[in-house]
Amino acid sequence: MSSSIDRRQFVRLGAAAGTLALTGDASRIVTTSPARPTRSATSSAFELDEVTIAQLQDDMTSGKHTSRSLVELYLARIEDIDRRGTSVNSVIETNPEALAIADALDRERRDRGPRGPLHGIPVLIKDNIDTADRMRTSAGSLALAEAVAPRDAFIVRRLRAAGAVIIGKTNLSEWANFRSTHSVSGWSGRGGQTRNPYILDRNPCGSSSGTGAAIAANLATVGVGTETDGSIVCPSSANGLVGIKPTVGLVSRSGIVPISHTQDTAGPMARTVTDAAILLGALAGADADDAATAPSRSHGVADYRQFLKADGLRGARIGVGRNYFGFNAQVDRIMDDGIAAMRSAGAVIVDPANLATKGKFDDAEFDVLLFEFKADLNAYLARSASPHKTLAALIQFNAQNRDREMPYFGQEIFEMSEKKGPLTSPAYAAALAKCRQQSRTLGIDALLAKHRLDAFVAPTGGPAWVIDLLNGDHFTGGSSTPAAVAGYASITVPAGFIHGLPVGLSFIGSAWSEPTLLRLAYGFEQATKVRQPPKFLPTFTP
C-alpha cells in the first residue's frame, strides 16, 4: 500500500440514558443531506454555552447550580442538539447513572467540600474506553455492542476519583479508524455518522470525532479522546478545540481498546487551554497495568495550571515547520497570522525549522501499527466480556454482518493485520527501530537541538471536508505524525477560520514537554482568542 493512502485514510486520522436511537442500520445513517438547524441549535440561548470549569465551580459554590442541575442541562442539550434538531450524532450513549452520581457529589460538596476542580463537572469520554457500569464499550462496532467492561479503565478510575461525572460516551470512527483504507471518519456501525457542528455536512475528523463534535457543540464541559496518530489533534482542529496529545506513558492505556502500544494515548479535548490542563492533571498518573506509565511518577504533574502564563510566549524559541505547509493557501495565511502574533507576544521565531525526516518513516509506521494492532487487540479481547476473542473472529463477524458493518467500506486493514506474525518478528523490530530513529533521534530531537527550540509549530490540518460515504475521507494535510510516531507531546490550539470552519495550529515538542507546550499554547490562546462556538449551518454557502 502506498504511503499516501496510509496517511490520508487512517494513520493520521485513526487511533483511539441508553443508546442513541440512531443505529448502524445503513438505511438510517445517510447524513450528507442534513436537516435544517432548529432555533435552539443556532441561538445562544443555552445557559452553559462556552462555560468553563472555573465558572461552573463558582456557580456550584454560590448555589446557582448543582452538579445535578448541570447534568440535567447537558442531557437535555444532548437530546435537543445531538439526537433531534440538527442531529450532530456525537454521543453514542448516555449514562443512566449520571444523575445519581451527581446527587452523591452534591451531598459530598455540602458535607466535606469539593475534591478539586473537576468535582461535579460533566465529562464525555470516547466509546473505546472501558467503564464498568451500565454503559457499553464497543469501539463503535456491532460486534461489541453489548459488551460491558469487567472493570473501569485506569483513567476512568482517575476521573471518578477527581469527582467528574461521566455523562456518556461519544461516537468514534469504528475501531479508531483502523479497519479500512477507505473509511469515513466519524462513522461506526453502532453509532452511525457524526457530523461537524460548524457545518453539518462536513466531517468532524479523526477517530475521536464524537468527542470533538460534542465538546464543540457544548454537550459537556470537557471530553476525553484517544490518539494513535492524529485522532485527538485532528478532531480538535476541525471542531475548534484545544487538544492535548500527551507523551506516551503520561496517561495510562489499560482498559482502552488498543491499536498500538508504542503510539496510543488518551488525552483531553476542551474549549480552552485551562480546561484541557485541568483535565490532563486528572488523567495523568502511573498505572501498574501499563508499564509505559512508570516514568510519569517523576514527569506527571497534579495541576498543570501552574504553567499557564499570559506572557508564556515571551522569550520562547519556536521553530516553523514550513515543510508541513503548502497544502492549502488559506491555512498558510492563518498560520502566518499566528506566527506574527507569537512574535508580537515576545517569541523568537526560527523560520524555517524543517523536520529533516518528514515522510521517511510513514511506511514503517504503518507496518508497526499492523503488527501491534493484532497483538494488542487480541490481548484486550481475551480479557474483555466480548464473545469475539480475536481479530480473526472480528473479521468473520464483519463478513457475516456485511450489510450492517460494511455498507460503505471494508476491512482491508483488519485483514492485513491478521496476516502479520508475532512481535518477535525481525520485520517488526526493524520497522520499529526505523520509526524511533527517524522520528526521535534524527527527527524531533535533532530539530529542537539544532535550533535550540522550545517547540516547533505547524498546521494541525485543513478545514473539514464534506462527508463522503461513497469515497471515504479527503484528508489534505497535517502535522500529527512526527509526535505520534515518536511518542512525544503535541498540543493544538484554535488558530482561525476558513469560511466558518475552524483550523488549528500545533505546538510540537519533545518527550515530557507538556509543561512547556501548555505555557506556549496558553500564551498563544491569550494573544489570539479566536475560538467561536459553532453555528450548525446545514452546508457551506459561498
# chains A, B, ... in the order shown; residues from 1 in each chain; ligands from 1

$ residues_around --residues "Ala495 in chain A" --least-positions-apart "3" --cutoff "7 Å" --atoms "only C-alpha atoms" --output "ChimeraX atom specification"
/A:334,338,503-505,530

$ select_by_dssp --residues "range 311-493 of chain A" --states "helix (DSSP H, G or I)" --output "ChimeraX atom specification"
/A:322-324,329-344,362-383,391-400,402-405,412-418,426-451,481-486

$ write_last_selection --atoms "C-alpha atoms" --output "compact mmCIF listing (two decimals), in the first residue's frame"
# COMPACT_ATOMS: atom_id res chain seq x y z
CA ARG A 322 7.46 25.02 6.79
CA ASN A 323 7.62 21.62 5.13
CA TYR A 324 4.21 20.87 6.70
CA ALA A 329 -3.06 28.64 0.86
CA GLN A 330 -5.71 29.86 3.29
CA VAL A 331 -4.37 27.59 6.02
CA ASP A 332 -0.91 29.02 5.36
CA ARG A 333 -2.24 32.55 5.82
CA ILE A 334 -3.81 31.63 9.13
CA MET A 335 -0.57 30.05 10.28
CA ASP A 336 1.41 33.11 9.26
CA ASP A 337 -1.00 35.32 11.20
CA GLY A 338 -0.50 33.07 14.22
CA ILE A 339 3.28 33.22 13.85
CA ALA A 340 3.10 37.01 13.68
CA ALA A 341 1.03 37.03 16.86
CA MET A 342 3.64 34.87 18.60
CA ARG A 343 6.40 37.22 17.50
CA SER A 344 4.42 40.19 18.79
CA ASP A 362 5.49 6.63 7.01
CA ASP A 363 5.64 3.08 5.63
CA ALA A 364 7.49 1.82 8.69
CA GLU A 365 4.81 3.34 10.92
CA PHE A 366 2.05 1.51 9.10
CA ASP A 367 3.97 -1.76 9.42
CA VAL A 368 4.43 -1.24 13.15
CA LEU A 369 0.74 -0.50 13.60
CA LEU A 370 -0.30 -3.62 11.68
CA PHE A 371 1.90 -5.83 13.86
CA GLU A 372 0.90 -4.20 17.13
CA PHE A 373 -2.82 -3.99 16.38
CA LYS A 374 -3.17 -7.75 16.05
CA ALA A 375 -1.14 -8.47 19.18
CA ASP A 376 -2.61 -5.72 21.34
CA LEU A 377 -6.23 -6.18 20.28
CA ASN A 378 -6.10 -9.93 20.82
CA ALA A 379 -4.77 -9.30 24.34
CA TYR A 380 -7.53 -6.79 25.05
CA LEU A 381 -10.28 -9.05 23.70
CA ALA A 382 -9.01 -12.01 25.74
CA ARG A 383 -9.65 -10.01 28.94
CA LEU A 391 -9.08 -10.23 15.44
CA ALA A 392 -9.81 -13.24 13.24
CA ALA A 393 -13.19 -13.64 14.95
CA LEU A 394 -13.98 -9.97 14.34
CA ILE A 395 -13.14 -10.35 10.65
CA GLN A 396 -15.57 -13.24 10.49
CA PHE A 397 -18.27 -11.27 12.33
CA ASN A 398 -17.93 -8.35 9.93
CA ALA A 399 -18.17 -10.65 6.94
CA GLN A 400 -21.30 -12.28 8.34
CA ARG A 402 -21.66 -7.12 5.96
CA ASP A 403 -24.90 -5.22 5.34
CA ARG A 404 -24.73 -3.53 8.75
CA GLU A 405 -20.99 -3.36 9.37
CA GLU A 412 -8.71 -4.34 4.44
CA ILE A 413 -6.59 -3.16 7.38
CA PHE A 414 -8.05 -5.85 9.64
CA GLU A 415 -7.09 -8.44 7.05
CA MET A 416 -3.57 -7.04 6.57
CA SER A 417 -3.01 -7.02 10.31
CA GLU A 418 -4.26 -10.58 10.73
CA PRO A 426 12.55 -9.35 12.67
CA ALA A 427 10.41 -7.30 10.29
CA TYR A 428 8.57 -5.74 13.22
CA ALA A 429 11.78 -4.99 15.10
CA ALA A 430 13.31 -3.34 12.03
CA ALA A 431 10.23 -1.19 11.36
CA LEU A 432 10.05 -0.08 14.99
CA ALA A 433 13.76 0.78 15.09
CA LYS A 434 13.40 2.86 11.93
CA CYS A 435 10.41 4.71 13.35
CA ARG A 436 12.22 5.62 16.54
CA GLN A 437 15.42 6.68 14.84
CA GLN A 438 13.71 8.78 12.17
CA SER A 439 11.06 10.38 14.37
CA ARG A 440 13.14 10.85 17.51
CA THR A 441 16.95 10.84 17.10
CA LEU A 442 17.13 12.21 13.56
CA GLY A 443 13.76 13.92 13.73
CA ILE A 444 12.27 15.94 16.59
CA ASP A 445 15.27 15.64 18.93
CA ALA A 446 17.68 16.77 16.20
CA LEU A 447 15.45 19.65 15.12
CA LEU A 448 14.97 21.02 18.62
CA ALA A 449 18.68 20.73 19.42
CA LYS A 450 19.88 22.27 16.14
CA HIS A 451 17.87 25.46 16.61
CA THR A 481 2.74 12.05 12.52
CA PRO A 482 6.14 13.09 13.97
CA ALA A 483 4.92 13.41 17.57
CA ALA A 484 2.69 10.37 17.19
CA VAL A 485 5.45 8.06 15.96
CA ALA A 486 7.99 9.45 18.42

$ residues_around --residues "range 126-136 of chain A" --least-positions-apart "2" --cutoff "9 Å" --atoms "only C-alpha atoms" --output "count of residues only"
49

$ closest_residue --among "A:Ala527, A:Ala162, A:Val51, A:Ile215" --to "Gly116 in chain A" --atoms "only C-alpha atoms"
A:Ala162

$ closest_residue --among "A:Pro235, A:Pro387, A:Gly346, A:Gly509" --to "Gly478 in chain A" --atoms "only C-alpha atoms"
A:Pro235

$ select_by_dssp --residues "range 51-289 of chain A" --states "strand (DSSP E or B)" --output "PyMOL selection string"
chain A and resi 91-94+122-126+129+165-170+187-188+192-193+199+202+222-227+242-245+248+251+256+265-270+284+287

$ atom_distance --atom1 "CA of Ala45 in chain A" --atom2 "CA of Leu241 in chain A"
20.9 Å

$ atom_distance --atom1 "CA of Asp49 in chain A" --atom2 "CA of Lys535 in chain A"
11.9 Å

$ closest_residue --among "A:Val457, A:Ala282, A:Leu70, A:Val222" --to "Ala98 in chain A" --atoms "only C-alpha atoms"
A:Leu70

$ decode --residues "range 92-104 of chain A" --atoms "all heavy atoms" --output "PDB file, in the first residue's frame"
ATOM      1  N   ILE A  92     -22.893   8.504  21.614  1.00  0.00           N
ATOM      2  CA  ILE A  92     -23.401   7.182  21.248  1.00  0.00           C
ATOM      3  C   ILE A  92     -24.278   6.594  22.355  1.00  0.00           C
ATOM      4  O   ILE A  92     -25.145   5.764  22.106  1.00  0.00           O
ATOM      5  CB  ILE A  92     -22.219   6.230  20.916  1.00  0.00           C
ATOM      6  CG1 ILE A  92     -22.681   5.063  20.054  1.00  0.00           C
ATOM      7  CG2 ILE A  92     -21.509   5.730  22.172  1.00  0.00           C
ATOM      8  CD1 ILE A  92     -21.526   4.248  19.461  1.00  0.00           C
ATOM      9  N   GLU A  93     -24.073   7.077  23.580  1.00  0.00           N
ATOM     10  CA  GLU A  93     -24.805   6.523  24.718  1.00  0.00           C
ATOM     11  C   GLU A  93     -24.672   7.478  25.903  1.00  0.00           C
ATOM     12  O   GLU A  93     -23.584   8.011  26.147  1.00  0.00           O
ATOM     13  CB  GLU A  93     -24.225   5.153  25.087  1.00  0.00           C
ATOM     14  CG  GLU A  93     -24.919   4.423  26.201  1.00  0.00           C
ATOM     15  CD  GLU A  93     -24.390   3.014  26.398  1.00  0.00           C
ATOM     16  OE1 GLU A  93     -23.356   2.680  25.783  1.00  0.00           O
ATOM     17  OE2 GLU A  93     -24.998   2.259  27.170  1.00  0.00           O
ATOM     18  N   THR A  94     -25.767   7.710  26.614  1.00  0.00           N
ATOM     19  CA  THR A  94     -25.687   8.494  27.840  1.00  0.00           C
ATOM     20  C   THR A  94     -25.710   7.568  29.048  1.00  0.00           C
ATOM     21  O   THR A  94     -26.171   6.427  28.974  1.00  0.00           O
ATOM     22  CB  THR A  94     -26.824   9.520  27.933  1.00  0.00           C
ATOM     23  OG1 THR A  94     -28.079   8.854  27.785  1.00  0.00           O
ATOM     24  CG2 THR A  94     -26.665  10.596  26.875  1.00  0.00           C
ATOM     25  N   ASN A  95     -25.219   8.080  30.155  1.00  0.00           N
ATOM     26  CA  ASN A  95     -25.034   7.273  31.363  1.00  0.00           C
ATOM     27  C   ASN A  95     -26.312   7.305  32.201  1.00  0.00           C
ATOM     28  O   ASN A  95     -26.679   8.356  32.742  1.00  0.00           O
ATOM     29  CB  ASN A  95     -23.861   7.839  32.167  1.00  0.00           C
ATOM     30  CG  ASN A  95     -23.512   6.986  33.378  1.00  0.00           C
ATOM     31  OD1 ASN A  95     -24.181   6.009  33.690  1.00  0.00           O
ATOM     32  ND2 ASN A  95     -22.446   7.375  34.072  1.00  0.00           N
ATOM     33  N   PRO A  96     -27.012   6.178  32.339  1.00  0.00           N
ATOM     34  CA  PRO A  96     -28.253   6.180  33.124  1.00  0.00           C
ATOM     35  C   PRO A  96     -28.030   6.430  34.611  1.00  0.00           C
ATOM     36  O   PRO A  96     -28.990   6.685  35.339  1.00  0.00           O
ATOM     37  CB  PRO A  96     -28.828   4.773  32.875  1.00  0.00           C
ATOM     38  CG  PRO A  96     -27.665   3.944  32.465  1.00  0.00           C
ATOM     39  CD  PRO A  96     -26.723   4.858  31.751  1.00  0.00           C
ATOM     40  N   GLU A  97     -26.780   6.384  35.065  1.00  0.00           N
ATOM     41  CA  GLU A  97     -26.477   6.626  36.472  1.00  0.00           C
ATOM     42  C   GLU A  97     -25.949   8.036  36.726  1.00  0.00           C
ATOM     43  O   GLU A  97     -25.593   8.376  37.863  1.00  0.00           O
ATOM     44  CB  GLU A  97     -25.436   5.612  36.957  1.00  0.00           C
ATOM     45  CG  GLU A  97     -25.907   4.167  36.851  1.00  0.00           C
ATOM     46  CD  GLU A  97     -24.802   3.161  37.111  1.00  0.00           C
ATOM     47  OE1 GLU A  97     -23.857   3.091  36.295  1.00  0.00           O
ATOM     48  OE2 GLU A  97     -24.892   2.456  38.131  1.00  0.00           O
ATOM     49  N   ALA A  98     -25.908   8.876  35.697  1.00  0.00           N
ATOM     50  CA  ALA A  98     -25.264  10.184  35.827  1.00  0.00           C
ATOM     51  C   ALA A  98     -25.927  11.050  36.885  1.00  0.00           C
ATOM     52  O   ALA A  98     -25.237  11.718  37.679  1.00  0.00           O
ATOM     53  CB  ALA A  98     -25.272  10.898  34.474  1.00  0.00           C
ATOM     54  N   LEU A  99     -27.249  11.074  36.944  1.00  0.00           N
ATOM     55  CA  LEU A  99     -27.930  11.925  37.912  1.00  0.00           C
ATOM     56  C   LEU A  99     -27.693  11.452  39.336  1.00  0.00           C
ATOM     57  O   LEU A  99     -27.504  12.272  40.255  1.00  0.00           O
ATOM     58  CB  LEU A  99     -29.426  11.993  37.601  1.00  0.00           C
ATOM     59  CG  LEU A  99     -29.800  12.769  36.342  1.00  0.00           C
ATOM     60  CD1 LEU A  99     -31.288  12.605  36.029  1.00  0.00           C
ATOM     61  CD2 LEU A  99     -29.453  14.243  36.495  1.00  0.00           C
ATOM     62  N   ALA A 100     -27.681  10.162  39.534  1.00  0.00           N
ATOM     63  CA  ALA A 100     -27.416   9.626  40.877  1.00  0.00           C
ATOM     64  C   ALA A 100     -25.991   9.950  41.319  1.00  0.00           C
ATOM     65  O   ALA A 100     -25.756  10.290  42.489  1.00  0.00           O
ATOM     66  CB  ALA A 100     -27.648   8.120  40.897  1.00  0.00           C
ATOM     67  N   ILE A 101     -25.046   9.856  40.393  1.00  0.00           N
ATOM     68  CA  ILE A 101     -23.659  10.203  40.706  1.00  0.00           C
ATOM     69  C   ILE A 101     -23.565  11.687  41.064  1.00  0.00           C
ATOM     70  O   ILE A 101     -22.893  12.070  42.027  1.00  0.00           O
ATOM     71  CB  ILE A 101     -22.743   9.861  39.519  1.00  0.00           C
ATOM     72  CG1 ILE A 101     -22.689   8.343  39.314  1.00  0.00           C
ATOM     73  CG2 ILE A 101     -21.340  10.420  39.731  1.00  0.00           C
ATOM     74  CD1 ILE A 101     -22.040   7.927  38.010  1.00  0.00           C
ATOM     75  N   ALA A 102     -24.248  12.528  40.295  1.00  0.00           N
ATOM     76  CA  ALA A 102     -24.239  13.961  40.569  1.00  0.00           C
ATOM     77  C   ALA A 102     -24.847  14.268  41.936  1.00  0.00           C
ATOM     78  O   ALA A 102     -24.322  15.111  42.685  1.00  0.00           O
ATOM     79  CB  ALA A 102     -24.987  14.701  39.471  1.00  0.00           C
ATOM     80  N   ASP A 103     -25.935  13.584  42.268  1.00  0.00           N
ATOM     81  CA  ASP A 103     -26.557  13.794  43.580  1.00  0.00           C
ATOM     82  C   ASP A 103     -25.569  13.465  44.702  1.00  0.00           C
ATOM     83  O   ASP A 103     -25.465  14.206  45.694  1.00  0.00           O
ATOM     84  CB  ASP A 103     -27.802  12.925  43.726  1.00  0.00           C
ATOM     85  CG  ASP A 103     -28.987  13.444  42.919  1.00  0.00           C
ATOM     86  OD1 ASP A 103     -28.982  14.635  42.563  1.00  0.00           O
ATOM     87  OD2 ASP A 103     -29.899  12.640  42.645  1.00  0.00           O
ATOM     88  N   ALA A 104     -24.859  12.358  44.566  1.00  0.00           N
ATOM     89  CA  ALA A 104     -23.892  11.960  45.593  1.00  0.00           C
ATOM     90  C   ALA A 104     -22.773  12.991  45.718  1.00  0.00           C
ATOM     91  O   ALA A 104     -22.323  13.315  46.829  1.00  0.00           O
ATOM     92  CB  ALA A 104     -23.324  10.579  45.267  1.00  0.00           C
TER      93      ALA A 104
END
